[in-house]
Structure formats: C-alpha cells, structure tokens
Amino acid sequence: MFFAQIVKGDLAELNEAGSQVVQVAWQGGITPVDTKLDEEALVQFYTVFVEQDGKVIPLTPKSIADINDNDNYHQLLVATELRIVKASMPAGIVKDPNGDPNPATHVLVER
C-alpha cells in the first residue's frame, strides 16, 4: 500500500451517514494470499487509525468496495466522523500479480 485518501461524492462506492470512505492504493493489482478468502474478506485485515482527544485509536473498517476487479484500489467504509490519519495491513495478506506477498504496511491518509 502506498497511498490512502478520503473520497467523497461519485468516487465513493460506499455511502452511509456518519461514515467516511478511505480509498487505498497498492503498487499493483492484489488478490488474497489465502485462496479460501474472497476479496471481500480482506476488510477484516485492514486497520484505520483515527485521532480523538490527542490519542490515535485503531478501527476496523465496516465494509470494503472496489473489489474483484484486479486493480490496485480498495475503498473502505469506516463508521466514524473522527479524523482518519492512517491505514494499515499486516504482512502476508495480499499478493501482487507476480505472487509476491505484501509486507506489513501503513500509510498516512491524505485529505
């Protein structure tokens, strides 16, 4: 993962009151390393971090979109209005078209 941003309007495939959509981008198209998982299940491995009262708090996104198209984007619905500052995923969850698994990664969220 090399980039993350908050998306609004027509870019967001997900929409829910009191929530935000974070779009993350990877270097290449990605698929789950575990072939028993579908791409929708990847939401459980993402963590986003919000700021609240000077503290950084981890949250699991509520759902995921922009999936099953072999591109390098995911959109994550996060049930919060707090400022989202970072997105992350642990190592070995997704692989690129060459079959290389991802390293543990985190990126700051652009506004």
# chains A, B, ... in the order shown; residues from 1 in each chain; ligands from 1
>>> residues_around(residues="range 86-90 of chain A", least_positions_apart="3", cutoff="12 Å", atoms="only C-alpha atoms", output="count of residues only")
46
>>> select_by_dssp(residues="chain A", states="strand (DSSP E)", output="NGL selection string")
:A and (3-7 or 20-25 or 31-32 or 47-52 or 55-59 or 63-65 or 73-78 or 83-89 or 94-95 or 105-110)
>>> atom_distance(atom1="CA of Ala17 in chain A", atom2="CA of Ser63 in chain A")
13.9 Å
>>> select_by_dssp(residues="chain A", states="helix (DSSP H, G or I)", output="VMD selection string")
chain A and resid 9 to 11 39 to 45
>>> atom_distance(atom1="CA of Gly18 in chain A", atom2="CA of Asn72 in chain A")
26.4 Å
